[in-house]
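Structure, as structure tokens:
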There are 2 protein chains.
Amino acid sequence: MMPEVVRQTAWRRDDVRERLAELVADLPDGARLPAERDLADTLLVSRTTVRQATQELVAVGRLARRHGSGTYVCGPKVTFLLEPGVRGTVVGPPEAVLKSCRVRHSSVPAVVTGQLRVPKGVGVLEVGRSWLVGDVPLCVESSYLLDRDSVVVSINGAPEGARSVDTAVEHRAATAAEADELLVRAGTPVFAVNRRYYDDTDNTVSVAVLVCRADRCSLLLRSALPR
Amino acid sequence: MMPEVVRQTAWRRDDVRERLAELVADLPDGARLPAERDLADTLLVSRTTVRQATQELVAVGRLARRHGSGTYVCGPKVTFLLEPGVRGTVVGPPEAVLKSCRVRHSSVPAVVTGQLRVPKGVGVLEVGRSWLVGDVPLCVESSYLLDRDSVVVSINGAPEGARSVDTAVEHRAATAAEADELLVRAGTPVFAVNRRYYDDTDNTVSVAVLVCRADRCSLLLRSALPR
DNA sequence: CAGTGGTCTAGACCACCAC
DNA sequence: TGGTGGTCTAGACCACTGT
């Protein structure tokens, strides 16, 4: 059942993708590729096939298209560092800038209900952060903390009282709201990183949701081993 | 620079994708969608547009296509659990089976050279594991350990002497070899999880490389906080 | 305004599956 | 053998960029 068989045929798209990958390997970051119509003529395939092959390289961050301008070779991905005692940070290269960091009171948003078990009506602090490379937002993060926590510690570090953390990483489609924030089309694949901090009695102390563009970000997680 | 502007136009593809997403939301896992040609007729778009919209849902694991059979609603993703002191395990649902686990001697493969700093000629143990759901391989893992380590501990747990671990998660295209093992086409997006175990003096003790289908797997990482 | 990517179409043919 | 997904084409038109 569900054989999901491997093809025997050699598809033109695969051939074009490999040719492009070789071409790209010899080009510096930021270099512009020939126009799709030119590539189609050169490689003796239709423009559609060129686009399909290109798309596969775009999806994994090797190329980036700019409407009306051209298709360009991408630099290395942004590395997003997650350590148990620290909330997310971006480490280079390439250089990413923490664009905004806002802290505000809110009253138990839907995302927190059921995860962060607080009585109805209790306020939480929402910490929103976003990172840019150039002018392009790559990661947005929202953390939800109990008011009683130390805000200074909580913005960048684990909240007071937290003793362990779960990190769930999922690859999914961007919602309309996320797509809007990340300046991509809805449905674009993103990493969704959901972190929950627990205290000694396994109550959730805070929740952090990170959404970053899968095509432009890698994740790095560090942890000590229990001794 | 690099505005990467948000579109104003309403594309048919987006509309079709949202309609399909709504349709899928009401269907049970495993349900079959109407044929692409029928959807095209119903939604008054070309089959190409239906395929593009469908593809976006396939890429994030909401749908799966079966050549010659149909397009089906996917169940939940396989959760791959990574804990500091334990090598990867799969937790359900859905049920995944550890299909193979082979241990063999090898002499410093390329992937280990430079990462696992051992003198040339020293043998390493290679532990290969793969997990299946049904008959479909979703994850393959290769660990490389120094011969001096306890093999019993090393297969499922952290190697002797390891005190910390780095976990790098990348979203990239499957190589030809990986695609062959996972029964997908080359270029398919995969999670590549690279774990390095370090001893007290920060020498790499072992290296584990996990490759899993991004469309079918989620990652869950647990760690204690330093106290 | 010329050049480029973005979308969409109608149709063709192939490969696979299940009856 | 009919129905399904998989690939590919040639061309059209739109939207955006940069000169």
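Ordering of the structure tokens sets the chain letters (A, B, ...); residue numbers start at 1 within each chain; ligands are numbered from 1 in the order shown.
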
Least-squares fit of chain B onto chain A (C-alpha, ordered pairing) as a compact mmCIF listing (two decimals) with C-alpha atoms, in the first residue's frame:
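Contents of part.txt, freshly written:
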# COMPACT_ATOMS: atom_id res chain seq x y z
CA MET B 1 0.11 -0.07 -0.27
CA MET B 2 1.21 3.44 -1.00
CA PRO B 3 4.19 2.40 -3.12
CA GLU B 4 4.91 5.99 -4.11
CA VAL B 5 7.16 4.62 -6.78
CA VAL B 6 10.35 6.14 -8.02
CA ARG B 7 10.22 7.31 -11.61
CA GLN B 8 12.33 5.70 -14.27
CA THR B 9 11.86 8.43 -16.84
CA ALA B 10 14.23 11.35 -17.08
CA TRP B 11 12.12 14.49 -16.85
CA ARG B 12 13.28 17.66 -18.49
CA ARG B 13 12.48 19.59 -15.35
CA ASP B 14 14.98 17.55 -13.34
CA ASP B 15 17.58 18.03 -16.02
CA VAL B 16 17.00 21.77 -16.08
CA ARG B 17 17.11 21.97 -12.29
CA GLU B 18 20.45 20.19 -12.19
CA ARG B 19 21.86 22.36 -14.93
CA LEU B 20 20.74 25.45 -13.07
CA ALA B 21 22.17 24.12 -9.82
CA GLU B 22 25.52 23.65 -11.50
CA LEU B 23 25.33 27.09 -13.03
CA VAL B 24 24.46 28.62 -9.68
CA ALA B 25 27.30 26.82 -7.93
CA ASP B 26 29.78 28.81 -9.98
CA LEU B 27 28.13 32.17 -9.38
CA PRO B 28 28.70 34.52 -6.45
CA ASP B 29 25.88 35.38 -4.07
CA GLY B 30 23.64 38.02 -5.54
CA ALA B 31 24.49 37.22 -9.16
CA ARG B 32 21.62 37.49 -11.61
CA LEU B 33 20.56 34.58 -13.78
CA PRO B 34 19.60 34.94 -17.42
CA ALA B 35 15.96 35.76 -18.05
CA GLU B 36 13.54 32.85 -17.99
CA ARG B 37 12.74 33.31 -21.67
CA ASP B 38 16.43 33.21 -22.53
CA LEU B 39 17.03 30.13 -20.42
CA ALA B 40 14.11 28.45 -22.14
CA ASP B 41 15.65 29.19 -25.54
CA THR B 42 19.10 28.10 -24.46
CA LEU B 43 17.98 24.86 -22.82
CA LEU B 44 15.45 24.08 -25.56
CA VAL B 45 12.51 23.80 -23.21
CA SER B 46 9.43 25.90 -22.62
CA ARG B 47 9.44 28.78 -20.20
CA THR B 48 7.00 26.82 -18.03
CA THR B 49 9.56 24.07 -17.54
CA VAL B 50 12.23 26.61 -16.67
CA ARG B 51 9.92 28.10 -14.08
CA GLN B 52 9.12 24.75 -12.55
CA ALA B 53 12.79 23.89 -12.24
CA THR B 54 13.59 27.34 -10.86
CA GLN B 55 10.77 27.07 -8.37
CA GLU B 56 12.33 24.01 -6.80
CA LEU B 57 15.52 25.96 -6.17
CA VAL B 58 13.58 28.93 -4.85
CA ALA B 59 11.66 26.72 -2.43
CA VAL B 60 14.86 25.63 -0.72
CA GLY B 61 16.46 29.05 -0.68
CA ARG B 62 19.05 28.63 -3.41
CA LEU B 63 17.49 31.28 -5.65
CA ALA B 64 15.24 34.27 -5.12
CA ARG B 65 13.03 35.88 -7.71
CA ARG B 66 12.33 39.59 -7.88
CA HIS B 67 9.31 40.55 -9.88
CA GLY B 68 10.27 42.80 -12.76
CA SER B 69 13.95 42.60 -11.94
CA GLY B 70 15.32 39.10 -12.30
CA THR B 71 16.29 35.86 -10.58
CA TYR B 72 19.23 35.99 -8.21
CA VAL B 73 21.56 33.65 -6.39
CA CYS B 74 20.84 33.62 -2.66
CA GLY B 75 23.41 34.02 0.07
CA PRO B 76 23.53 31.73 3.10
CA LYS B 77 20.48 31.37 5.26
CA VAL B 78 19.92 33.26 8.46
CA THR B 79 20.68 31.08 11.46
CA PHE B 80 18.17 31.33 14.24
CA LEU B 81 19.68 30.24 17.55
CA LEU B 82 17.52 28.63 20.20
CA GLU B 83 19.08 27.88 23.56
CA PRO B 84 17.15 26.49 26.50
CA GLY B 85 17.74 29.47 28.77
CA VAL B 86 17.47 32.10 26.09
CA ARG B 87 14.71 33.12 23.75
CA GLY B 88 15.51 33.15 20.08
CA THR B 89 18.37 35.16 18.68
CA VAL B 90 19.75 35.50 15.20
CA VAL B 91 23.39 34.75 14.55
CA GLY B 92 25.14 35.71 11.34
CA PRO B 93 26.07 35.57 8.63
CA PRO B 94 24.17 37.06 7.02
CA GLU B 95 23.48 39.96 9.28
CA ALA B 96 19.98 40.13 10.65
CA VAL B 97 18.63 43.06 12.59
CA LEU B 98 16.20 42.89 15.46
CA LYS B 99 13.81 45.36 13.95
CA SER B 100 11.14 45.69 16.58
CA CYS B 101 10.55 44.52 20.11
CA ARG B 102 7.30 45.63 21.63
CA VAL B 103 5.88 44.66 24.99
CA ARG B 104 2.23 45.14 25.79
CA HIS B 105 -0.47 43.88 28.05
CA SER B 106 -3.17 41.72 26.60
CA SER B 107 -5.80 39.44 27.97
CA VAL B 108 -5.26 35.79 27.17
CA PRO B 109 -5.28 35.59 23.37
CA ALA B 110 -6.58 32.50 21.66
CA VAL B 111 -3.13 31.11 20.96
CA VAL B 112 -2.39 31.07 24.66
CA THR B 113 -5.70 29.69 25.85
CA GLY B 114 -5.25 26.07 26.71
CA GLN B 115 -1.48 26.27 26.50
CA LEU B 116 -0.75 28.78 29.18
CA ARG B 117 -3.17 27.71 31.88
CA VAL B 118 -4.13 30.92 33.58
CA PRO B 119 -7.53 31.85 35.01
CA LYS B 120 -9.76 33.76 32.65
CA GLY B 121 -9.30 37.46 32.93
CA VAL B 122 -5.73 37.33 34.13
CA GLY B 123 -3.58 39.54 31.96
CA VAL B 124 -0.52 38.36 30.10
CA LEU B 125 2.40 40.20 28.67
CA GLU B 126 2.90 39.87 24.96
CA VAL B 127 6.43 40.34 23.67
CA GLY B 128 6.60 40.72 19.92
CA ARG B 129 9.89 40.68 18.07
CA SER B 130 10.82 40.68 14.41
CA TRP B 131 14.12 40.29 12.58
CA LEU B 132 14.98 41.77 9.23
CA VAL B 133 17.65 41.09 6.67
CA GLY B 134 17.88 44.20 4.58
CA ASP B 135 14.27 45.30 4.52
CA VAL B 136 12.88 41.81 4.39
CA PRO B 137 11.30 40.35 7.51
CA LEU B 138 12.42 36.76 7.96
CA CYS B 139 11.29 35.88 11.48
CA VAL B 140 8.53 37.08 13.74
CA GLU B 141 8.13 35.90 17.31
CA SER B 142 5.43 36.37 19.89
CA SER B 143 5.96 35.41 23.51
CA TYR B 144 3.26 35.30 26.14
CA LEU B 145 4.25 35.63 29.76
CA LEU B 146 2.46 35.76 33.05
CA ASP B 147 2.44 39.27 34.48
CA ARG B 148 4.18 38.10 37.61
CA ASP B 149 7.35 37.25 35.73
CA SER B 150 10.28 39.57 35.59
CA VAL B 151 9.91 41.36 32.31
CA VAL B 152 13.58 42.19 32.03
CA VAL B 153 14.55 38.56 32.16
CA SER B 154 11.65 37.42 30.08
CA ILE B 155 12.29 39.40 26.94
CA ASN B 156 15.52 37.68 26.10
CA GLY B 157 15.84 34.91 28.65
CA ALA B 158 13.76 32.15 30.11
CA PRO B 159 11.11 33.44 32.49
CA GLU B 160 11.64 33.19 36.23
CA GLY B 161 10.69 29.83 37.56
CA ALA B 162 11.08 27.99 34.27
CA ARG B 163 12.96 24.72 34.56
CA SER B 164 12.47 22.98 31.25
CA VAL B 165 11.35 23.73 27.75
CA ASP B 166 9.69 21.90 24.88
CA THR B 167 10.44 23.02 21.38
CA ALA B 168 8.16 21.84 18.60
CA VAL B 169 9.26 22.56 15.05
CA GLU B 170 6.75 22.27 12.26
CA HIS B 171 6.92 22.92 8.56
CA ARG B 172 3.62 24.32 7.43
CA ALA B 173 1.89 26.89 5.28
CA ALA B 174 1.90 30.51 6.36
CA THR B 175 -1.48 31.83 7.44
CA ALA B 176 -2.77 34.98 5.81
CA ALA B 177 -1.70 37.05 8.82
CA GLU B 178 1.78 35.53 8.91
CA ALA B 179 2.22 35.94 5.18
CA ASP B 180 1.28 39.57 5.58
CA GLU B 181 3.94 40.08 8.24
CA LEU B 182 6.63 38.20 6.35
CA LEU B 183 5.77 39.81 3.01
CA VAL B 184 5.24 36.49 1.27
CA ARG B 185 2.18 34.99 -0.31
CA ALA B 186 -0.17 32.99 1.87
CA GLY B 187 0.61 29.30 1.72
CA THR B 188 4.35 29.81 1.62
CA PRO B 189 6.15 27.18 3.69
CA VAL B 190 7.38 28.45 7.04
CA PHE B 191 9.00 27.01 10.12
CA ALA B 192 6.69 27.32 13.08
CA VAL B 193 8.65 26.92 16.31
CA ASN B 194 6.50 26.58 19.38
CA ARG B 195 8.34 26.78 22.69
CA ARG B 196 6.76 26.16 26.05
CA TYR B 197 8.55 26.84 29.30
CA TYR B 198 7.59 24.73 32.30
CA ASP B 199 8.16 25.14 36.00
CA ASP B 200 8.97 22.46 38.57
CA THR B 201 5.41 21.24 38.67
CA ASP B 202 5.09 21.13 34.89
CA ASN B 203 2.81 24.11 34.62
CA THR B 204 3.41 26.12 31.51
CA VAL B 205 5.08 29.37 32.48
CA SER B 206 5.25 31.01 29.10
CA VAL B 207 4.68 30.31 25.45
CA ALA B 208 6.69 31.58 22.51
CA VAL B 209 5.69 31.21 18.88
CA LEU B 210 8.31 31.82 16.22
CA VAL B 211 7.44 31.87 12.56
CA CYS B 212 10.23 32.16 10.03
CA ARG B 213 10.58 31.73 6.30
CA ALA B 214 11.71 28.17 5.67
CA ASP B 215 13.49 29.21 2.49
CA ARG B 216 15.67 31.76 4.24
CA CYS B 217 16.24 30.49 7.78
CA SER B 218 17.98 27.62 9.51
CA LEU B 219 17.56 26.69 13.14
CA LEU B 220 20.31 25.95 15.63
CA LEU B 221 19.51 24.50 19.04
CA ARG B 222 21.99 24.08 21.85
CA SER B 223 21.47 22.14 25.01
CA ALA B 224 23.39 20.62 27.86
CA LEU B 225 23.00 16.93 28.53
CA PRO B 226 21.54 15.78 31.85
CA ARG B 227 24.31 14.44 34.04

Contacts of chain C with chain A up to 9 Å, shortest pair per row, only C-alpha atoms (C1' of nucleotides), as a tab-separated table:
residue	atom	partner	partner_atom	distance
C:DG3	C1'	A:Gly68	CA	7.7
C:DT4	C1'	A:Gly68	CA	4.4
C:DG5	C1'	A:His67	CA	4.6
C:DG6	C1'	A:His67	CA	7.4

Could you write out that same residue set with N, CA, C and O atoms (P, O5', C5', C4', C3', O3' and C1' of nucleotides) as a compact mmCIF listing (two decimals), in the first residue's frame?
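The result, written out as selection11.txt:
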# COMPACT_ATOMS: atom_id res chain seq x y z
P DG C 3 14.06 44.98 -25.03
O5' DG C 3 14.06 44.36 -23.56
C5' DG C 3 14.96 44.89 -22.59
C4' DG C 3 14.69 44.24 -21.25
C3' DG C 3 14.49 42.72 -21.29
O3' DG C 3 15.25 42.14 -20.25
C1' DG C 3 12.70 43.73 -20.16
P DT C 4 15.36 40.52 -20.16
O5' DT C 4 14.56 40.17 -18.84
C5' DT C 4 14.93 40.77 -17.60
C4' DT C 4 13.82 40.53 -16.62
C3' DT C 4 13.34 39.08 -16.59
O3' DT C 4 13.84 38.40 -15.47
C1' DT C 4 11.52 40.65 -16.55
P DG C 5 13.45 36.83 -15.35
O5' DG C 5 12.18 36.90 -14.39
C5' DG C 5 12.32 37.38 -13.07
C4' DG C 5 10.96 37.65 -12.47
C3' DG C 5 10.15 36.40 -12.11
O3' DG C 5 9.46 36.64 -10.90
C1' DG C 5 8.92 37.73 -13.59
P DG C 6 8.34 35.63 -10.37
O5' DG C 6 7.00 36.27 -10.98
C5' DG C 6 6.24 37.18 -10.19
C4' DG C 6 4.77 36.93 -10.45
C3' DG C 6 4.36 35.47 -10.22
O3' DG C 6 3.15 35.43 -9.47
C1' DG C 6 3.78 36.15 -12.41

Next on the checklist: Using only C-alpha atoms (C1' of nucleotides) and a distance of at most 10 Å, pull out the residues of chain D that contact chain B, as a list in words.
Outcome noted: DG3, DT4, DG5, DG6, DC14, DA15 and DC16 of chain D

Kindly export the residues of the current selection with N, CA and C atoms (P, O5', C5', C4', C3', O3' and C1' of nucleotides), as a tab-separated table (two decimals), in the first residue's frame.
chain	number	residue	atom	x	y	z
D	3	DG	P	-13.81	6.71	-18.02
D	3	DG	O5'	-12.91	7.15	-16.78
D	3	DG	C5'	-13.04	6.44	-15.56
D	3	DG	C4'	-11.90	6.80	-14.63
D	3	DG	C3'	-11.62	8.30	-14.54
D	3	DG	O3'	-11.47	8.65	-13.17
D	3	DG	C1'	-9.63	7.13	-15.02
D	4	DT	P	-11.35	10.20	-12.75
D	4	DT	O5'	-9.86	10.34	-12.26
D	4	DT	C5'	-9.38	9.55	-11.17
D	4	DT	C4'	-7.88	9.60	-11.16
D	4	DT	C3'	-7.31	11.00	-11.26
D	4	DT	O3'	-7.01	11.50	-9.98
D	4	DT	C1'	-6.11	9.42	-12.61
D	5	DG	P	-6.49	13.03	-9.91
D	5	DG	O5'	-4.92	12.88	-10.03
D	5	DG	C5'	-4.19	12.23	-9.02
D	5	DG	C4'	-2.78	11.91	-9.51
D	5	DG	C3'	-1.84	13.11	-9.59
D	5	DG	O3'	-0.54	12.69	-9.22
D	5	DG	C1'	-2.00	12.12	-11.70
D	6	DG	P	0.73	13.68	-9.45
D	6	DG	O5'	1.25	13.22	-10.88
D	6	DG	C5'	2.30	12.25	-10.97
D	6	DG	C4'	3.24	12.63	-12.09
D	6	DG	C3'	3.77	14.07	-11.97
D	6	DG	O3'	5.17	14.08	-12.21
D	6	DG	C1'	2.70	13.77	-14.05
D	14	DC	P	-4.11	42.32	-20.26
D	14	DC	O5'	-3.51	42.21	-18.78
D	14	DC	C5'	-3.96	41.20	-17.90
D	14	DC	C4'	-3.05	41.12	-16.68
D	14	DC	C3'	-2.67	42.48	-16.10
D	14	DC	O3'	-2.87	42.44	-14.70
D	14	DC	C1'	-0.73	41.20	-16.53
D	15	DA	P	-2.63	43.75	-13.85
D	15	DA	O5'	-1.13	43.58	-13.32
D	15	DA	C5'	-0.86	42.52	-12.42
D	15	DA	C4'	0.52	42.71	-11.83
D	15	DA	C3'	0.82	44.13	-11.34
D	15	DA	O3'	1.60	44.02	-10.17
D	15	DA	C1'	2.38	43.54	-13.02
D	16	DC	P	1.91	45.30	-9.33
D	16	DC	O5'	3.48	45.44	-9.49
D	16	DC	C5'	4.30	44.31	-9.17
D	16	DC	C4'	5.65	44.51	-9.82
D	16	DC	C3'	6.34	45.83	-9.46
D	16	DC	O3'	7.46	45.51	-8.64
D	16	DC	C1'	6.55	45.29	-11.78

Next on the checklist: Considering only alpha helix (DSSP H) as DSSP defines it on the backbone, what residues of region 62-224 of chain B qualify? List them as a VMD selection string.
Outcome noted: chain B and resid 151 to 156 176 to 182

Those same residues - N, CA and C atoms - I'd like them written as a PDB file, in the first residue's frame.
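Listed below is the output, selection35.pdb:
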ATOM      1  N   VAL B 151      28.579   0.674  22.517  1.00  0.00           N
ATOM      2  CA  VAL B 151      27.636   0.596  21.417  1.00  0.00           C
ATOM      3  C   VAL B 151      26.206   0.509  21.927  1.00  0.00           C
ATOM      4  N   VAL B 152      26.024  -0.216  23.011  1.00  0.00           N
ATOM      5  CA  VAL B 152      24.679  -0.400  23.538  1.00  0.00           C
ATOM      6  C   VAL B 152      24.050   0.942  23.879  1.00  0.00           C
ATOM      7  N   VAL B 153      24.809   1.769  24.545  1.00  0.00           N
ATOM      8  CA  VAL B 153      24.307   3.087  24.894  1.00  0.00           C
ATOM      9  C   VAL B 153      24.146   3.951  23.644  1.00  0.00           C
ATOM     10  N   SER B 154      25.058   3.793  22.733  1.00  0.00           N
ATOM     11  CA  SER B 154      25.135   4.744  21.636  1.00  0.00           C
ATOM     12  C   SER B 154      23.997   4.632  20.634  1.00  0.00           C
ATOM     13  N   ILE B 155      23.444   3.461  20.498  1.00  0.00           N
ATOM     14  CA  ILE B 155      22.424   3.299  19.469  1.00  0.00           C
ATOM     15  C   ILE B 155      21.206   4.155  19.763  1.00  0.00           C
ATOM     16  N   ASN B 156      20.785   4.167  21.001  1.00  0.00           N
ATOM     17  CA  ASN B 156      19.588   4.947  21.317  1.00  0.00           C
ATOM     18  C   ASN B 156      19.863   6.142  22.218  1.00  0.00           C
ATOM     19  N   ALA B 176      20.192  13.356  -4.385  1.00  0.00           N
ATOM     20  CA  ALA B 176      19.725  12.210  -5.160  1.00  0.00           C
ATOM     21  C   ALA B 176      19.682  10.958  -4.280  1.00  0.00           C
ATOM     22  N   ALA B 177      20.727  10.778  -3.460  1.00  0.00           N
ATOM     23  CA  ALA B 177      20.795   9.590  -2.610  1.00  0.00           C
ATOM     24  C   ALA B 177      19.680   9.596  -1.568  1.00  0.00           C
ATOM     25  N   GLU B 178      19.452  10.752  -0.966  1.00  0.00           N
ATOM     26  CA  GLU B 178      18.398  10.859   0.047  1.00  0.00           C
ATOM     27  C   GLU B 178      17.029  10.637  -0.577  1.00  0.00           C
ATOM     28  N   ALA B 179      16.823  11.237  -1.734  1.00  0.00           N
ATOM     29  CA  ALA B 179      15.544  11.071  -2.430  1.00  0.00           C
ATOM     30  C   ALA B 179      15.298   9.599  -2.732  1.00  0.00           C
ATOM     31  N   ASP B 180      16.355   8.910  -3.075  1.00  0.00           N
ATOM     32  CA  ASP B 180      16.247   7.490  -3.372  1.00  0.00           C
ATOM     33  C   ASP B 180      15.799   6.720  -2.130  1.00  0.00           C
ATOM     34  N   GLU B 181      16.376   7.069  -0.992  1.00  0.00           N
ATOM     35  CA  GLU B 181      16.024   6.368   0.246  1.00  0.00           C
ATOM     36  C   GLU B 181      14.612   6.704   0.712  1.00  0.00           C
ATOM     37  N   LEU B 182      14.216   7.942   0.501  1.00  0.00           N
ATOM     38  CA  LEU B 182      12.908   8.381   0.994  1.00  0.00           C
ATOM     39  C   LEU B 182      11.800   8.183  -0.036  1.00  0.00           C
TER      40      LEU B 182
END
